[in-house]
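Q: First the structure, which I've put down as structure tokens, then a few questions once you've had a look.
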Amino acid sequence: MNVARSTVELAGVGKRYGRRHALADVDLTLDHGLTGLLGPNGAGKTTLLHIVATSIVADSGQVRLLGRDPHGSHADVTAVRRELGYLPQELGYPSDMTAFGFVEYVAVLKEWNDRERRVREVRRVLELVDLTDQAPVRVSRLSGGQRRRVGLAQALLGDPRLVVLDEPTTGLEPGTARRPAAHALHPRPQLDRAAVHPPDRRRRGAL
Amino acid sequence: MLLAAAASLRGAWLVGAFLSLSFATIAADQSGGTALAPFLLVAPLAPVLGVAAAYGPRQDPLEALVATAAYGRTRLILLRTIAVLVSVLPVTALLGLALPGPRWLAGAWLGPALALVPVLLALAGFVGPRAAATIVLLGWSSVVVASTRAGLDPAWPVQAAQQGVYLALALAACAVIAVRLGLDRQRGVAL
């Protein structure tokens with residue numbers, strides 16, 4: 001296994017919730033590119049994505065992301081998180097935040113401390129998901145699909161090397177509204193990005 | 001900006017806390033100093049409840065993103081804790097000046113307040129902020145109510161001897177947090 005080239009490496013990873021095994025002895029190696037996870041409900045796809053997104057820790061096995069151990073030192077996990085974009089399956093939105101304010105809030109969490117650069121980046125990702133016109137609108141007034149695109153925008157902040165998307169197309173209508181998501185998900189040649197997401201089975205193939 | 005998603009740092013919560021503290025102060029004032037319990041009950045709990053409402057999956061809709069952000073959940077919680085303390089403590093201290101009795105009473109509630117906040121944070125690492133707040137609330141209420149029922153001095157919960165206990169409690173809670181941060185495999189969940 002080439003540590004330097006692999007984006008995601010899991011070896012013998014297990015995770016339990018009480019007595020139930022969500023994951024048992026999972027080995028997975030992902031290099032650059034777009035990868036989709038397919039499986040029945042309850043197969044552990046979301047648990048796997050949580051581990052890759054560093055939001056939960058595996059009970060057993062080894063995890064390496066972007067060549068680092070996310071459960072090692074504080075510096076390692078912070079370094080991974082700086083290059084990680086994550087869209088959870090269910091994302092809450094503060095009702096009084098605008099689309100721009102929401103993405104900017106996440107940008108601050110991602111340590112975009114320079115205000116000028118941050119604003120420019122927020123505008124860029126909102127444009128990527130075709131929400132430039134909706135930037136000043138409160139998230140609570142957006143449609144479900146538009147909210148999902150706001151969520152997608154925050155995951156793309158800073159062109160992260162590792163993008164973890166859980167059900168990214170939920171709520172997006174077929175056709176024009178899905179194009180921004182598809183555009184955003186497909187790695188462009190100049191980017192060093194891997195995306196891990198379980199495709200929506202109803203619409204797979206469109207991404 | 002990082003405080004924007006914290007429920008307890010919004011106007012409605014702060015107004016509610018201010019009104020509760022005001023009524024507790026008025027009640028203590030009207031009793032002529034014989035019934036400090038309402039103020040001593042509410043004053044240390046206001047920052048505790050404010051901190052508990054400032055983070056956690058049920059309080060912060062962005063918890064899922066906070067948990068994976070480079071900024072760090074622990075850092076964010078500490079920042080919000082400081083923001084809550086800065087919002088609540090000065091107002092409570094000013095209201096405390098209106099209490100009948102010796103002047104030291106105006107600031108004596110700070111001892112339990114500053115002890116209960118780290119206790120809350122330490123407990124929350126095990127049971128979550130909501131349950132931790134309930135435990136702290138019940139514990140502190142028991143101290144105040146029991147001292148009143150026992151016919152002790154109205155200021156007993158904040159007298160010098162008890163302040164030593166609060167200091168010890170605060171140090172113990174900080175030690176628990178420090179140990180958990182050191183052992184933390186999943187960065188950011190020790191709080």
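Labels used: A, B, ... for chains in the order of the structure tokens, numbers from 1 for residues in each chain, and numbers from 1 for ligands as shown.
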Considering only C-alpha atoms, extract the chain A residues located within 6 Å of chain B and return them as a ChimeraX atom specification.
A: /A:54-55,57,71,78,81-82,92-93,109-110
Q: Let's see if you can do this: from backbone DSSP, list all helix (DSSP H, G or I) residues in region 17-110 of chain A, as a PDB file with N, CA and C atoms, in the first residue's frame.
A:
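Done, and the output landed in states25.pdb:
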ATOM      1  N   LYS A  45     -23.007   2.542   5.679  1.00  0.00           N
ATOM      2  CA  LYS A  45     -22.398   3.537   4.788  1.00  0.00           C
ATOM      3  C   LYS A  45     -22.169   4.853   5.519  1.00  0.00           C
ATOM      4  N   THR A  46     -23.186   5.312   6.222  1.00  0.00           N
ATOM      5  CA  THR A  46     -23.066   6.600   6.913  1.00  0.00           C
ATOM      6  C   THR A  46     -22.045   6.519   8.042  1.00  0.00           C
ATOM      7  N   THR A  47     -22.011   5.387   8.739  1.00  0.00           N
ATOM      8  CA  THR A  47     -21.006   5.215   9.794  1.00  0.00           C
ATOM      9  C   THR A  47     -19.606   5.299   9.204  1.00  0.00           C
ATOM     10  N   LEU A  48     -19.432   4.660   8.054  1.00  0.00           N
ATOM     11  CA  LEU A  48     -18.129   4.694   7.379  1.00  0.00           C
ATOM     12  C   LEU A  48     -17.755   6.134   7.012  1.00  0.00           C
ATOM     13  N   LEU A  49     -18.757   6.863   6.496  1.00  0.00           N
ATOM     14  CA  LEU A  49     -18.485   8.255   6.112  1.00  0.00           C
ATOM     15  C   LEU A  49     -18.185   9.116   7.339  1.00  0.00           C
ATOM     16  N   HIS A  50     -18.863   8.841   8.440  1.00  0.00           N
ATOM     17  CA  HIS A  50     -18.568   9.584   9.685  1.00  0.00           C
ATOM     18  C   HIS A  50     -17.111   9.370  10.101  1.00  0.00           C
ATOM     19  N   ILE A  51     -16.658   8.139   9.954  1.00  0.00           N
ATOM     20  CA  ILE A  51     -15.259   7.844  10.339  1.00  0.00           C
ATOM     21  C   ILE A  51     -14.299   8.582   9.408  1.00  0.00           C
ATOM     22  N   VAL A  52     -14.616   8.544   8.117  1.00  0.00           N
ATOM     23  CA  VAL A  52     -13.741   9.221   7.147  1.00  0.00           C
ATOM     24  C   VAL A  52     -13.795  10.743   7.343  1.00  0.00           C
ATOM     25  N   HIS A  74      -3.147  15.969  17.907  1.00  0.00           N
ATOM     26  CA  HIS A  74      -4.056  17.070  17.618  1.00  0.00           C
ATOM     27  C   HIS A  74      -3.668  17.712  16.278  1.00  0.00           C
ATOM     28  N   ALA A  75      -2.348  17.797  16.054  1.00  0.00           N
ATOM     29  CA  ALA A  75      -1.865  18.410  14.807  1.00  0.00           C
ATOM     30  C   ALA A  75      -2.308  17.594  13.592  1.00  0.00           C
ATOM     31  N   ASP A  76      -2.284  16.264  13.734  1.00  0.00           N
ATOM     32  CA  ASP A  76      -2.674  15.406  12.615  1.00  0.00           C
ATOM     33  C   ASP A  76      -4.151  15.572  12.254  1.00  0.00           C
ATOM     34  N   VAL A  77      -5.002  15.524  13.278  1.00  0.00           N
ATOM     35  CA  VAL A  77      -6.432  15.620  12.975  1.00  0.00           C
ATOM     36  C   VAL A  77      -6.765  17.000  12.434  1.00  0.00           C
ATOM     37  N   THR A  78      -6.101  18.027  12.953  1.00  0.00           N
ATOM     38  CA  THR A  78      -6.361  19.384  12.450  1.00  0.00           C
ATOM     39  C   THR A  78      -5.903  19.498  11.001  1.00  0.00           C
ATOM     40  N   ALA A  79      -4.744  18.892  10.694  1.00  0.00           N
ATOM     41  CA  ALA A  79      -4.241  18.938   9.317  1.00  0.00           C
ATOM     42  C   ALA A  79      -5.204  18.237   8.360  1.00  0.00           C
ATOM     43  N   VAL A  80      -5.757  17.098   8.791  1.00  0.00           N
ATOM     44  CA  VAL A  80      -6.730  16.388   7.949  1.00  0.00           C
ATOM     45  C   VAL A  80      -7.972  17.248   7.751  1.00  0.00           C
ATOM     46  N   ARG A  81      -8.451  17.831   8.860  1.00  0.00           N
ATOM     47  CA  ARG A  81      -9.698  18.604   8.781  1.00  0.00           C
ATOM     48  C   ARG A  81      -9.539  19.863   7.919  1.00  0.00           C
ATOM     49  N   ARG A  82      -8.319  20.368   7.836  1.00  0.00           N
ATOM     50  CA  ARG A  82      -8.094  21.546   6.992  1.00  0.00           C
ATOM     51  C   ARG A  82      -8.270  21.201   5.517  1.00  0.00           C
ATOM     52  N   ALA A  99     -27.962  32.411   3.313  1.00  0.00           N
ATOM     53  CA  ALA A  99     -27.118  31.401   2.657  1.00  0.00           C
ATOM     54  C   ALA A  99     -25.658  31.827   2.738  1.00  0.00           C
ATOM     55  N   PHE A 100     -25.406  33.108   2.471  1.00  0.00           N
ATOM     56  CA  PHE A 100     -24.033  33.612   2.529  1.00  0.00           C
ATOM     57  C   PHE A 100     -23.490  33.514   3.958  1.00  0.00           C
ATOM     58  N   GLY A 101     -24.320  33.932   4.927  1.00  0.00           N
ATOM     59  CA  GLY A 101     -23.889  33.906   6.326  1.00  0.00           C
ATOM     60  C   GLY A 101     -23.572  32.501   6.792  1.00  0.00           C
ATOM     61  N   PHE A 102     -24.378  31.545   6.341  1.00  0.00           N
ATOM     62  CA  PHE A 102     -24.150  30.156   6.732  1.00  0.00           C
ATOM     63  C   PHE A 102     -22.809  29.654   6.210  1.00  0.00           C
ATOM     64  N   VAL A 103     -22.578  29.875   4.923  1.00  0.00           N
ATOM     65  CA  VAL A 103     -21.323  29.371   4.331  1.00  0.00           C
ATOM     66  C   VAL A 103     -20.133  30.128   4.938  1.00  0.00           C
ATOM     67  N   GLU A 104     -20.326  31.412   5.210  1.00  0.00           N
ATOM     68  CA  GLU A 104     -19.234  32.181   5.820  1.00  0.00           C
ATOM     69  C   GLU A 104     -18.940  31.674   7.242  1.00  0.00           C
ATOM     70  N   TYR A 105     -20.000  31.311   7.949  1.00  0.00           N
ATOM     71  CA  TYR A 105     -19.825  30.752   9.294  1.00  0.00           C
ATOM     72  C   TYR A 105     -18.942  29.491   9.234  1.00  0.00           C
ATOM     73  N   VAL A 106     -19.262  28.618   8.269  1.00  0.00           N
ATOM     74  CA  VAL A 106     -18.474  27.388   8.134  1.00  0.00           C
ATOM     75  C   VAL A 106     -17.038  27.737   7.716  1.00  0.00           C
ATOM     76  N   ALA A 107     -16.910  28.774   6.883  1.00  0.00           N
ATOM     77  CA  ALA A 107     -15.566  29.197   6.467  1.00  0.00           C
ATOM     78  C   ALA A 107     -14.736  29.625   7.684  1.00  0.00           C
ATOM     79  N   VAL A 108     -15.369  30.293   8.627  1.00  0.00           N
ATOM     80  CA  VAL A 108     -14.648  30.688   9.847  1.00  0.00           C
ATOM     81  C   VAL A 108     -14.243  29.435  10.626  1.00  0.00           C
ATOM     82  N   LEU A 109     -15.153  28.470  10.688  1.00  0.00           N
ATOM     83  CA  LEU A 109     -14.816  27.202  11.362  1.00  0.00           C
ATOM     84  C   LEU A 109     -13.645  26.513  10.668  1.00  0.00           C
TER      85      LEU A 109
END
Q: Dump as a Markdown table the rows for residues of region 40-113 of chain A within 8 Å of region 4-14 of chain A: closest atom pair and distance in Å with one decimal, only C-alpha atoms counted, ordered by chain and rising residue number.
A:
| residue | atom | partner | partner_atom | distance |
| --- | --- | --- | --- | --- |
| A:Val52 | CA | A:Val8 | CA | 7.5 |
| A:Ala58 | CA | A:Gly14 | CA | 5.9 |
| A:Asp59 | CA | A:Gly14 | CA | 5.6 |
| A:Ser60 | CA | A:Gly14 | CA | 5.0 |
| A:Gly61 | CA | A:Val13 | CA | 4.1 |
| A:Gln62 | CA | A:Ala11 | CA | 5.1 |
| A:Val63 | CA | A:Leu10 | CA | 4.7 |
| A:Arg64 | CA | A:Glu9 | CA | 5.0 |
| A:Leu65 | CA | A:Val8 | CA | 4.8 |
| A:Leu66 | CA | A:Thr7 | CA | 4.6 |
| A:Gly67 | CA | A:Ala4 | CA | 6.0 |
Q: With only C-alpha atoms as the counted atoms, please give the residues lying no more than 8 Å from Val144 (chain B), apart from itself and same-chain residues fewer than 6 positions off, as a ChimeraX atom specification.
A: /B:37,40-41,157
Q: Next, write the just-selected residues to a file, as a compact mmCIF listing (two decimals), in the first residue's frame, keeping C-alpha atoms as the atom set.
A:
# COMPACT_ATOMS: atom_id res chain seq x y z
CA ALA B 37 -32.41 31.99 48.34
CA LEU B 40 -28.48 32.59 45.32
CA LEU B 41 -30.42 29.94 43.45
CA PRO B 157 -24.28 28.75 50.56
Q: Just want the 10 Å neighbourhood of Gln146 (chain A), counted on only C-alpha atoms, with same-chain residues fewer than 4 positions away dropped. Output as a PyMOL selection string.
A: chain A and resi 99+129-131+134+139+141-142+150-152+171-173+177
Q: Produce a file of the selected residues containing all heavy atoms, as a short mmCIF file (atom, residue, chain, number, x, y, z; two decimals), in the first residue's frame.
A:
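New file selection_6.cif:
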data_model
loop_
_atom_site.label_atom_id
_atom_site.label_comp_id
_atom_site.auth_asym_id
_atom_site.auth_seq_id
_atom_site.Cartn_x
_atom_site.Cartn_y
_atom_site.Cartn_z
N ALA A 99 -27.96 32.41 3.31
CA ALA A 99 -27.12 31.40 2.66
C ALA A 99 -25.66 31.83 2.74
O ALA A 99 -24.77 31.02 3.06
CB ALA A 99 -27.56 31.24 1.21
N VAL A 129 -22.47 26.25 -6.92
CA VAL A 129 -23.73 25.49 -6.78
C VAL A 129 -24.92 26.31 -7.28
O VAL A 129 -26.07 26.01 -6.95
CB VAL A 129 -23.96 25.05 -5.30
CG1 VAL A 129 -22.87 24.11 -4.85
CG2 VAL A 129 -24.06 26.25 -4.38
N ASP A 130 -24.61 27.37 -8.02
CA ASP A 130 -25.65 28.15 -8.68
C ASP A 130 -26.58 28.86 -7.70
O ASP A 130 -27.80 28.89 -7.89
CB ASP A 130 -26.48 27.22 -9.60
CG ASP A 130 -26.89 27.93 -10.86
OD1 ASP A 130 -26.42 29.06 -11.09
OD2 ASP A 130 -27.70 27.36 -11.62
N LEU A 131 -26.02 29.39 -6.63
CA LEU A 131 -26.85 30.06 -5.63
C LEU A 131 -26.43 31.52 -5.41
O LEU A 131 -26.77 32.10 -4.38
CB LEU A 131 -26.78 29.32 -4.29
CG LEU A 131 -27.67 28.09 -4.14
CD1 LEU A 131 -27.47 27.46 -2.77
CD2 LEU A 131 -29.14 28.42 -4.35
N GLN A 134 -29.21 33.75 -4.51
CA GLN A 134 -29.88 33.44 -3.24
C GLN A 134 -28.98 33.75 -2.03
O GLN A 134 -29.40 33.52 -0.89
CB GLN A 134 -30.28 31.96 -3.19
CG GLN A 134 -31.10 31.48 -4.37
CD GLN A 134 -32.43 32.19 -4.46
OE1 GLN A 134 -33.02 32.50 -3.44
NE2 GLN A 134 -32.89 32.47 -5.66
N VAL A 139 -31.74 31.10 4.97
CA VAL A 139 -31.77 29.68 4.63
C VAL A 139 -33.17 29.11 4.87
O VAL A 139 -33.65 28.26 4.12
CB VAL A 139 -30.73 28.90 5.47
CG1 VAL A 139 -30.80 27.41 5.17
CG2 VAL A 139 -29.32 29.40 5.17
N ARG A 141 -35.87 30.34 4.22
CA ARG A 141 -36.79 30.66 3.12
C ARG A 141 -36.43 29.94 1.82
O ARG A 141 -37.13 30.08 0.83
CB ARG A 141 -36.80 32.17 2.87
CG ARG A 141 -37.36 32.91 4.06
CD ARG A 141 -37.63 34.34 3.74
NE ARG A 141 -38.29 34.98 4.88
CZ ARG A 141 -38.69 36.22 4.90
NH1 ARG A 141 -38.52 36.97 3.85
NH2 ARG A 141 -39.27 36.71 5.98
N LEU A 142 -35.35 29.20 1.85
CA LEU A 142 -34.94 28.47 0.65
C LEU A 142 -35.67 27.14 0.57
O LEU A 142 -36.13 26.62 1.60
CB LEU A 142 -33.43 28.21 0.67
CG LEU A 142 -32.52 29.44 0.64
CD1 LEU A 142 -31.05 29.02 0.76
CD2 LEU A 142 -32.73 30.27 -0.61
N VAL A 150 -26.72 24.71 -0.52
CA VAL A 150 -25.95 25.53 0.43
C VAL A 150 -25.01 24.62 1.22
O VAL A 150 -23.83 24.94 1.42
CB VAL A 150 -26.89 26.30 1.40
CG1 VAL A 150 -26.10 27.00 2.49
CG2 VAL A 150 -27.74 27.31 0.64
N GLY A 151 -25.55 23.46 1.61
CA GLY A 151 -24.71 22.49 2.34
C GLY A 151 -23.56 22.02 1.48
O GLY A 151 -22.43 21.87 1.96
N LEU A 152 -23.86 21.79 0.22
CA LEU A 152 -22.81 21.36 -0.71
C LEU A 152 -21.75 22.45 -0.87
O LEU A 152 -20.54 22.16 -0.90
CB LEU A 152 -23.46 21.03 -2.07
CG LEU A 152 -22.61 20.39 -3.14
CD1 LEU A 152 -22.03 19.07 -2.65
CD2 LEU A 152 -23.45 20.15 -4.40
N GLY A 171 -33.15 15.79 -2.28
CA GLY A 171 -33.90 17.04 -2.38
C GLY A 171 -33.62 17.82 -3.64
O GLY A 171 -34.28 18.81 -3.92
N LEU A 172 -32.61 17.41 -4.40
CA LEU A 172 -32.33 18.14 -5.64
C LEU A 172 -33.21 17.59 -6.75
O LEU A 172 -33.28 16.38 -6.95
CB LEU A 172 -30.86 17.99 -6.04
CG LEU A 172 -29.81 18.52 -5.06
CD1 LEU A 172 -28.44 18.46 -5.69
CD2 LEU A 172 -30.13 19.94 -4.63
N GLU A 173 -33.87 18.50 -7.46
CA GLU A 173 -34.75 18.05 -8.52
C GLU A 173 -33.91 17.61 -9.72
O GLU A 173 -32.80 18.11 -9.92
CB GLU A 173 -35.74 19.15 -8.93
CG GLU A 173 -35.13 20.36 -9.57
CD GLU A 173 -34.75 21.42 -8.55
OE1 GLU A 173 -34.46 21.07 -7.39
OE2 GLU A 173 -34.69 22.59 -8.94
N ALA A 177 -31.34 21.79 -11.76
CA ALA A 177 -30.88 22.05 -10.40
C ALA A 177 -29.78 21.08 -9.97
O ALA A 177 -29.04 21.35 -9.05
CB ALA A 177 -32.04 21.98 -9.43
#
Q: I'd like the contact shell of Asp96 (chain A) - 8 Å cut-off, only C-alpha atoms, skipping same-chain residues fewer than 2 positions apart - returned as a list in words.
A: Pro94, Thr98, Arg138, Val139 and Ser140 of chain A
Q: Find the residues around Ala113 (chain B) up to 10 Å (only C-alpha atoms counted), leave out those fewer than 5 positions away in its own chain, and share them as a list of chain:residue names.
A: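 What passes the distance filter is B:Leu40, B:Val42, B:Ala43, B:Pro44, B:Leu45, B:Ala46, B:Pro47, B:Val48, B:Leu85, B:Leu89, B:Ala108, B:Pro118, B:Val119, B:Trp140, B:Tyr166, B:Ala170.
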Q: Considering only C-alpha atoms, state which residue in the set A:Ile56, A:Leu37, A:Pro136, A:Asp27 is at the smallest distance from Lys15 (chain A).
A: A:Ile56
Q: Provide the CA of Ile82 (chain B) to CA of Ala52 (chain B) distance in Å, to one decimal place.
A: 12.3 Å
Q: Smallest atom-to-atom distance to Val137 (chain A): which of A:Ser95, A:Trp112, A:His21, A:Val163, using only C-alpha atoms?
A: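 Smallest separation from Val137 (chain A) among the options: A:Ser95.
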Q: Provide the CA of Asp159 (chain A) to CA of Gly56 (chain B) distance in Å, to one decimal place.
A: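 So the two atoms, CA of Asp159 (chain A) and CA of Gly56 (chain B), lie 27.9 Å apart.
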Q: Would you pick out the contacts of Leu84 (chain A) at 8 Å or less, using only C-alpha atoms, so that residues sharing its chain but fewer than 4 positions from it are not included, and give the list as an MDAnalysis selection string?
A: chainID A and resid 53 80 155 160:164
Q: Write a file of the just-selected residues containing C-alpha atoms, as an mmCIF file, in the first residue's frame.
A:
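Writing the result to selection-v5.cif gives the following:
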data_model
loop_
_atom_site.group_PDB
_atom_site.id
_atom_site.type_symbol
_atom_site.label_atom_id
_atom_site.label_comp_id
_atom_site.auth_asym_id
_atom_site.auth_seq_id
_atom_site.Cartn_x
_atom_site.Cartn_y
_atom_site.Cartn_z
ATOM 1 C CA ALA A 53 -15.074 12.681 8.044
ATOM 2 C CA VAL A 80 -6.730 16.388 7.949
ATOM 3 C CA ALA A 155 -18.296 21.305 1.732
ATOM 4 C CA PRO A 160 -10.574 20.387 -0.124
ATOM 5 C CA ARG A 161 -8.492 17.363 -1.113
ATOM 6 C CA LEU A 162 -10.997 15.022 0.510
ATOM 7 C CA VAL A 163 -14.714 15.666 0.057
ATOM 8 C CA VAL A 164 -17.110 13.439 2.000
#
